[in-house]
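Visitor: So here's query_28.cif (mmCIF, C-alpha atoms and all ligand atoms).
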data_target
#
loop_
_atom_site.label_atom_id
_atom_site.label_comp_id
_atom_site.auth_asym_id
_atom_site.auth_seq_id
_atom_site.Cartn_x
_atom_site.Cartn_y
_atom_site.Cartn_z
CA MET U 1 17.37 -0.69 -10.25
CA SER U 2 14.13 1.06 -10.61
CA ILE U 3 11.03 -0.44 -12.29
CA VAL U 4 10.19 -3.50 -10.20
CA ASN U 5 7.21 -5.47 -9.00
CA ALA U 6 6.65 -5.97 -5.28
CA LYS U 7 7.43 -9.61 -4.78
CA GLU U 8 11.21 -9.79 -4.81
CA MET U 9 11.70 -6.60 -2.76
CA LEU U 10 9.28 -7.92 -0.14
CA ILE U 11 10.82 -11.38 0.06
CA LYS U 12 14.09 -9.58 0.84
CA ALA U 13 12.27 -7.45 3.42
CA THR U 14 10.70 -10.47 5.13
CA GLU U 15 14.03 -12.24 5.26
CA GLY U 16 15.76 -9.10 6.54
CA LYS U 17 13.03 -8.42 9.13
CA TYR U 18 12.15 -4.95 7.89
CA ALA U 19 9.13 -3.64 5.95
CA VAL U 20 8.86 -1.49 2.84
CA GLY U 21 6.59 1.55 3.07
CA ALA U 22 3.70 1.52 0.60
CA PHE U 23 2.52 5.10 0.37
CA ASN U 24 -0.78 6.19 -1.19
CA VAL U 25 -0.50 9.27 -3.39
CA THR U 26 -3.22 11.36 -5.00
CA ASN U 27 -1.17 13.83 -7.04
CA LEU U 28 2.21 14.56 -8.60
CA ILE U 29 3.55 16.60 -5.66
CA GLN U 30 2.96 13.69 -3.30
CA LEU U 31 4.51 11.28 -5.78
CA GLU U 32 7.64 13.43 -6.13
CA ALA U 33 7.87 13.87 -2.36
CA VAL U 34 7.65 10.13 -1.75
CA VAL U 35 10.30 9.34 -4.38
CA GLU U 36 12.68 12.07 -3.18
CA ALA U 37 12.34 11.05 0.47
CA ALA U 38 12.88 7.35 -0.26
CA THR U 39 15.88 8.17 -2.47
CA GLU U 40 17.42 10.28 0.31
CA LYS U 41 17.00 7.32 2.66
CA LYS U 42 18.23 4.79 0.04
CA SER U 43 15.08 2.81 0.65
CA PRO U 44 13.06 0.58 -1.70
CA LEU U 45 9.64 2.10 -2.32
CA ILE U 46 6.08 1.18 -3.20
CA ILE U 47 3.96 4.02 -4.57
CA GLN U 48 0.25 3.24 -4.49
CA THR U 49 -2.90 4.80 -5.82
CA SER U 50 -6.43 3.93 -4.80
CA VAL U 51 -8.95 3.51 -7.58
CA THR U 52 -10.52 7.02 -7.45
CA PRO U 53 -7.25 8.99 -7.86
CA SER U 54 -6.13 6.41 -10.43
CA LYS U 55 -9.24 7.03 -12.52
CA PHE U 56 -9.04 10.80 -11.99
CA LEU U 57 -5.39 11.06 -13.08
CA LYS U 58 -5.82 8.28 -15.70
CA PRO U 59 -3.92 5.01 -15.33
CA GLU U 60 -1.89 5.54 -18.50
CA VAL U 61 -0.77 8.99 -17.26
CA ILE U 62 0.25 7.57 -13.89
CA GLY U 63 1.98 4.67 -15.64
CA ALA U 64 3.94 7.06 -17.87
CA ILE U 65 4.99 9.30 -14.96
CA TYR U 66 5.97 6.24 -12.93
CA ARG U 67 8.10 4.83 -15.77
CA THR U 68 9.85 8.17 -16.28
CA VAL U 69 10.55 8.66 -12.59
CA ALA U 70 11.46 5.05 -11.80
CA GLN U 71 13.75 4.54 -14.82
CA SER U 72 16.15 7.21 -13.60
CA ALA U 73 15.73 6.57 -9.86
CA LEU U 74 18.57 5.14 -7.79
CA ILE U 75 16.18 2.96 -5.80
CA PRO U 76 13.78 0.15 -6.77
CA ILE U 77 10.24 1.49 -7.10
CA CYS U 78 7.00 -0.43 -7.53
CA LEU U 79 3.66 1.11 -8.60
CA HIS U 80 0.73 -0.56 -6.84
CA LEU U 81 -3.02 -0.36 -7.47
CA ASP U 82 -4.68 -0.40 -4.06
CA HIS U 83 -7.95 -2.13 -3.07
CA CYS U 84 -9.45 -2.56 -6.50
CA THR U 85 -12.78 -4.40 -6.35
CA ASP U 86 -13.30 -4.20 -10.11
CA VAL U 87 -11.70 -7.03 -12.09
CA PRO U 88 -11.67 -5.22 -15.49
CA TYR U 89 -10.08 -2.13 -13.90
CA CYS U 90 -7.32 -4.31 -12.42
CA ARG U 91 -6.55 -5.42 -15.96
CA THR U 92 -6.62 -1.83 -17.24
CA CYS U 93 -4.02 -0.80 -14.68
CA ALA U 94 -1.84 -3.82 -15.40
CA ASP U 95 -1.94 -2.83 -19.08
CA ALA U 96 -1.07 0.77 -18.17
CA GLY U 97 2.15 -0.16 -16.39
CA TYR U 98 1.30 -0.72 -12.72
CA THR U 99 3.67 -3.38 -11.40
CA ASN U 100 1.61 -4.66 -8.48
CA ILE U 101 -2.16 -5.10 -8.55
CA MET U 102 -4.37 -5.60 -5.52
CA ILE U 103 -7.60 -7.32 -6.36
CA ASP U 104 -9.76 -6.78 -3.28
CA ALA U 105 -12.55 -9.34 -3.39
CA SER U 106 -12.48 -9.66 0.40
CA LYS U 107 -16.14 -8.67 0.72
CA GLN U 108 -17.15 -11.59 -1.51
CA ASN U 109 -17.60 -15.09 -0.16
CA PHE U 110 -14.48 -17.24 0.09
CA GLU U 111 -14.96 -19.12 -3.19
CA GLU U 112 -15.71 -15.95 -5.16
CA ASN U 113 -12.71 -14.20 -3.60
CA ILE U 114 -10.55 -17.09 -4.78
CA ARG U 115 -12.11 -17.02 -8.25
CA GLN U 116 -11.59 -13.28 -8.85
CA THR U 117 -8.12 -13.24 -7.32
CA LYS U 118 -7.06 -16.23 -9.43
CA GLU U 119 -8.36 -14.53 -12.57
CA ILE U 120 -6.21 -11.46 -11.91
CA CYS U 121 -3.19 -13.60 -11.06
CA ARG U 122 -3.53 -15.45 -14.37
CA TYR U 123 -3.80 -12.17 -16.28
CA CYS U 124 -0.92 -10.40 -14.53
CA HIS U 125 1.44 -13.35 -14.46
CA ARG U 126 1.16 -13.70 -18.24
CA MET U 127 2.54 -10.17 -18.48
CA ASP U 128 6.10 -9.25 -17.66
CA ASN U 129 7.00 -8.08 -14.14
CA ILE U 130 3.62 -7.73 -12.39
CA SER U 131 2.84 -9.17 -8.96
CA VAL U 132 -0.58 -9.52 -7.32
CA GLU U 133 -1.86 -8.85 -3.80
CA GLY U 134 -4.98 -10.53 -2.39
CA GLU U 135 -6.86 -9.99 0.85
CA LEU U 136 -8.71 -12.35 3.17
CA GLY U 137 -10.88 -11.18 6.03
CA THR U 138 -11.96 -7.55 5.86
CA VAL U 139 -10.13 -4.45 7.09
CA SER U 140 -12.57 -2.02 8.72
CA GLY U 141 -12.75 1.70 7.95
CA ILE U 142 -12.82 3.61 4.68
CA GLU U 143 -10.21 3.33 1.97
CA ASP U 144 -11.45 5.14 -1.11
CA GLN U 145 -14.51 3.24 -2.44
CA VAL U 146 -14.06 0.30 -0.06
CA LYS U 147 -16.11 0.89 3.10
CA VAL U 148 -16.25 -1.72 5.86
CA SER U 149 -18.09 -1.03 9.11
CA GLU U 150 -16.73 -2.42 12.39
CA ASP U 151 -19.66 -4.89 12.48
CA GLU U 152 -18.79 -6.17 9.02
CA ALA U 153 -15.05 -6.50 9.68
CA ALA U 154 -13.90 -10.10 9.88
CA LEU U 155 -10.45 -11.34 10.81
CA CYS U 156 -8.59 -13.72 8.52
CA ASP U 157 -8.99 -17.42 9.29
CA PRO U 158 -5.47 -18.97 9.25
CA GLY U 159 -6.70 -22.30 7.83
CA GLU U 160 -8.46 -20.51 4.97
CA ALA U 161 -5.37 -18.32 4.47
CA LEU U 162 -3.24 -21.26 3.39
CA LYS U 163 -5.93 -22.53 1.00
CA PHE U 164 -6.40 -19.00 -0.40
CA VAL U 165 -2.70 -18.51 -1.03
CA ASN U 166 -2.25 -21.95 -2.62
CA GLU U 167 -5.32 -21.81 -4.85
CA THR U 168 -5.03 -18.23 -6.09
CA GLY U 169 -1.31 -18.06 -6.87
CA ILE U 170 -0.98 -14.58 -5.30
CA ASP U 171 2.41 -13.02 -4.70
CA LEU U 172 1.52 -10.97 -1.60
CA PHE U 173 -1.06 -11.69 1.05
CA ALA U 174 -3.00 -9.18 3.18
CA PRO U 175 -4.63 -10.96 6.13
CA ALA U 176 -7.10 -8.92 8.22
CA ILE U 177 -5.71 -8.94 11.76
CA GLY U 178 -7.59 -6.00 13.32
CA THR U 179 -5.88 -2.97 11.76
CA ALA U 180 -8.23 -0.40 10.21
CA HIS U 181 -8.15 2.23 7.49
CA GLY U 182 -8.42 5.87 8.56
CA VAL U 183 -8.00 7.36 12.02
CA TYR U 184 -8.15 4.88 14.93
CA LYS U 185 -10.76 5.73 17.55
CA THR U 186 -8.41 4.58 20.31
CA LYS U 187 -4.66 4.89 20.88
CA ASN U 188 -4.43 1.13 21.41
CA PRO U 189 -6.59 -0.63 18.80
CA LYS U 190 -7.12 -4.34 19.41
CA LEU U 191 -4.84 -6.18 17.00
CA ASP U 192 -4.51 -9.94 16.79
CA PHE U 193 -0.73 -10.43 16.86
CA ASP U 194 -1.06 -14.17 17.52
CA ARG U 195 -3.13 -14.57 14.39
CA LEU U 196 -0.50 -12.76 12.32
CA ALA U 197 2.23 -14.95 13.82
CA GLN U 198 0.24 -18.09 13.05
CA ILE U 199 -0.42 -17.03 9.46
CA ALA U 200 3.25 -16.08 8.95
CA GLU U 201 4.35 -19.47 10.26
CA LEU U 202 1.84 -21.37 8.10
CA ILE U 203 2.75 -19.53 4.92
CA ASN U 204 6.39 -18.60 5.32
CA GLY U 205 7.62 -20.88 8.11
CA GLN U 206 9.55 -23.14 5.73
CA GLY U 207 11.14 -20.25 3.79
CA VAL U 208 9.60 -17.00 2.62
CA LYS U 209 7.16 -17.57 -0.23
CA ILE U 210 4.38 -15.01 0.06
CA PRO U 211 5.24 -11.74 1.83
CA LEU U 212 2.55 -10.37 4.15
CA VAL U 213 0.92 -6.96 3.91
CA ILE U 214 -0.25 -4.77 6.79
CA HIS U 215 -3.05 -2.35 5.98
CA GLY U 216 -4.12 0.63 8.08
CA GLY U 217 -0.70 1.99 9.07
CA THR U 218 -1.77 5.51 10.04
CA GLY U 219 -2.03 6.09 13.78
CA LEU U 220 -0.38 2.88 14.97
CA GLN U 221 2.06 3.45 17.82
CA PRO U 222 5.75 2.94 16.89
CA ALA U 223 6.10 -0.11 19.17
CA VAL U 224 3.07 -1.71 17.50
CA VAL U 225 4.47 -1.04 14.03
CA LYS U 226 7.77 -2.66 15.04
CA LYS U 227 5.97 -5.69 16.45
CA LEU U 228 3.93 -6.16 13.25
CA VAL U 229 7.13 -5.99 11.21
CA ALA U 230 8.92 -8.44 13.53
CA LEU U 231 6.01 -10.87 13.09
CA GLY U 232 6.39 -10.82 9.30
CA GLY U 233 4.64 -7.69 7.96
CA ALA U 234 6.73 -6.80 4.90
CA LYS U 235 4.58 -4.25 3.03
CA PHE U 236 3.27 -1.52 5.28
CA ASN U 237 0.47 0.64 3.91
CA VAL U 238 0.15 4.31 4.84
CA SER U 239 -2.47 6.59 3.33
CA THR U 240 -4.48 8.76 5.75
CA ASP U 241 -1.33 10.23 7.32
CA LEU U 242 -0.25 11.61 3.93
CA LYS U 243 -3.72 12.94 3.10
CA HIS U 244 -3.78 14.81 6.41
CA SER U 245 -0.30 16.15 5.80
CA LEU U 246 -1.32 17.47 2.38
CA ILE U 247 -4.58 19.09 3.52
CA ASP U 248 -3.26 20.50 6.82
CA THR U 249 -0.11 21.94 5.25
CA THR U 250 -2.07 23.51 2.39
CA TYR U 251 -4.54 25.05 4.84
CA GLU U 252 -1.83 26.32 7.20
CA TYR U 253 0.28 27.76 4.37
CA ILE U 254 -2.61 29.59 2.73
CA SER U 255 -3.92 30.85 6.08
CA SER U 256 -0.58 32.41 6.94
CA HIS U 257 0.20 33.75 3.41
CA ARG U 258 -3.21 35.11 2.50
CA GLU U 259 -1.90 37.74 0.04
CA GLU U 260 0.70 35.64 -1.74
CA TYR U 261 -1.09 33.78 -4.59
CA ASN U 262 1.97 31.68 -5.46
CA PRO U 263 0.94 28.06 -6.03
CA GLY U 264 4.56 26.92 -6.36
CA LYS U 265 5.21 27.91 -2.75
CA VAL U 266 2.21 25.92 -1.56
CA ASP U 267 3.59 22.93 -3.47
CA ILE U 268 7.02 23.33 -1.84
CA ALA U 269 5.46 23.48 1.64
CA VAL U 270 3.37 20.35 0.93
CA LYS U 271 6.32 18.49 -0.54
CA GLU U 272 8.52 19.20 2.48
CA ALA U 273 5.77 18.15 4.91
CA ILE U 274 5.14 14.88 3.08
CA LYS U 275 8.85 14.16 2.87
CA GLY U 276 9.05 14.55 6.63
CA ARG U 277 6.32 11.93 7.09
CA ILE U 278 8.02 9.51 4.66
CA HIS U 279 11.35 9.88 6.48
CA TYR U 280 9.54 9.05 9.72
CA TRP U 281 7.95 5.90 8.29
CA ILE U 282 11.09 4.68 6.56
CA ASP U 283 13.09 4.97 9.78
CA LEU U 284 10.37 3.20 11.74
CA LEU U 285 9.98 0.36 9.22
CA GLY U 286 13.75 -0.20 9.08
CA CYS U 287 14.01 0.02 5.28
CA ALA U 288 16.55 2.88 5.11
CA GLY U 289 19.70 1.76 3.31
CA LYS U 290 18.01 -1.37 1.90
CA ALA U 291 17.74 -0.18 -1.72
CA GLY U 292 20.86 -1.96 -2.94
P1 LIG U 301 -4.37 4.17 6.43
O1 LIG U 301 -5.18 5.13 5.62
O2 LIG U 301 -5.01 3.86 7.73
O3 LIG U 301 -2.96 4.62 6.57
O4 LIG U 301 -4.36 2.79 5.63
C1 LIG U 301 -3.73 2.73 4.41
C2 LIG U 301 -4.00 1.45 3.72
O5 LIG U 301 -4.07 0.40 4.31
C3 LIG U 301 -4.15 1.52 2.27
O6 LIG U 301 -4.46 0.29 1.70
#
I'd like the structure from this file rewritten - as structure tokens, please.
Ligand code: 13P

Guide:
Amino acid sequence: MSIVNAKEMLIKATEGKYAVGAFNVTNLIQLEAVVEAATEKKSPLIIQTSVTPSKFLKPEVIGAIYRTVAQSALIPICLHLDHCTDVPYCRTCADAGYTNIMIDASKQNFEENIRQTKEICRYCHRMDNISVEGELGTVSGIEDQVKVSEDEAALCDPGEALKFVNETGIDLFAPAIGTAHGVYKTKNPKLDFDRLAQIAELINGQGVKIPLVIHGGTGLQPAVVKKLVALGGAKFNVSTDLKHSLIDTTYEYISSHREEYNPGKVDIAVKEAIKGRIHYWIDLLGCAGKAG
């Protein structure tokens, strides 16, 4: 069990028509909460860090904590670097023990995106047990240092998608289909389900080769999440939801225990709140009981 890259667990997910939750963490409490919740649900798990928390905590520290936690876990756990636009930093994190690396060159032109993504694939595939995620089209909103305005956002072209996948050698593919990072401005954001279906058919129609990734999970209605999974979304990214849970719970706990000064109790409250969110997502994505 335990220390795995993302590819095999997501091929299983695509074939089984469920998705694995990929949860962004910024500190140890969140990481423990995510692991505990997934273990309770017997679910495979992807822990992810964006670049800023990765640099703040130090990739080798995160890698060491991940190895310690994952080695003794009863579920398969992958550690993913999210939306990294910096090729050398992708390599640093691969060296530090991340088992899935996302090179995000989606703001570059098509050829340059292919070039950078291919470079990271070559590097990671030479090492043991590391898979690579690439993105085509751009997901709007803010995810750490990657900011894409609605005007700049571009959906993934299905014809280019096939070329991108074949030329880069990526293991996971994130096509932009209208989801966005952060809080949606409307309850019913305009998503291009047909485009996702077309891309899934083109890439995985003759047998699952490259699992698909859905970004911008926070705020999507449950029926929409289920539809995205049914259409082939196998890795489902959730970040903002967990940030809100951490900040809101901390604020509420401190506001109602003004005289306490017991950091451990704040941590317990945060951990329980985050675990509740992870249970929700795991049930919705259908990955409970799929750890075996
Ligand atoms: P949200 O912050 O909208 O949940 O998106 C997460 C994500 O896609 C991380 O890559």

Visitor: Could you give me the residues within 8 Å of ligand LIG 301 (chain U), counting only C-alpha atoms and all ligand atoms, as a ChimeraX atom specification?

Guide: /U:23-24,50,82-83,142-143,179-184,214-219,236-242

Visitor: Find the residues around U:Leu162 up to 8 Å (all atoms listed in the file counted), leave out those fewer than 4 positions away in its own chain, and share them as a JSON list (two decimals) with C-alpha atoms, in the coordinates of the input.

Guide:
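Result written to out.json:
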[["chain", "number", "residue", "atom", "x", "y", "z"],
["U", 158, "PRO", "CA", -5.47, -18.97, 9.25],
["U", 166, "ASN", "CA", -2.25, -21.95, -2.62],
["U", 199, "ILE", "CA", -0.42, -17.03, 9.46],
["U", 202, "LEU", "CA", 1.84, -21.37, 8.10],
["U", 203, "ILE", "CA", 2.75, -19.53, 4.92]]

Visitor: So that I can see what lies close to U:Ile65, please list as a list in words the residues with an atom at most 12 Å from it, counting all atoms listed in the file and leaving out residues fewer than 5 positions away in the same chain.

Guide: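 Result of the neighbour search: Ile3, Asn27, Leu28, Ile29, Leu31, Glu32, Val35, Ile47, Leu57, Lys58, Pro59, Glu60, Ala70, Gln71, Ser72, Leu79, Ala96, Gly97 and Tyr98 of chain U.
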
Visitor: Counting only C-alpha atoms, figure out which residue out of U:Asp128, U:Asp86, U:Glu135, U:Glu111 gets nearest to U:Ala176.

Guide: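 Closest candidate: U:Glu135.
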
Visitor: I need the residue nearest U:Arg277 from this list: U:Ser43, U:His244, U:Leu172, U:Ala19. Use all atoms listed in the file for the distance.

Guide: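 Ranking U:Ser43, U:His244, U:Leu172, U:Ala19 by distance to U:Arg277, first place goes to U:His244.
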
Visitor: List the spatial neighbours of U:Asp151 as a list in words - criterion: any atom at most 12 Å away, only C-alpha atoms, same-chain residues fewer than 5 positions off excluded.

Guide: Thr138, Val139, Ser140 and Gly141 of chain U

Visitor: Have a look at U:Leu81, U:Ile11, U:Ala37, U:Val25 and name the one nearest to U:Asn204; count all atoms listed in the file.

Guide: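 Smallest distance to U:Asn204 is found for U:Ile11.
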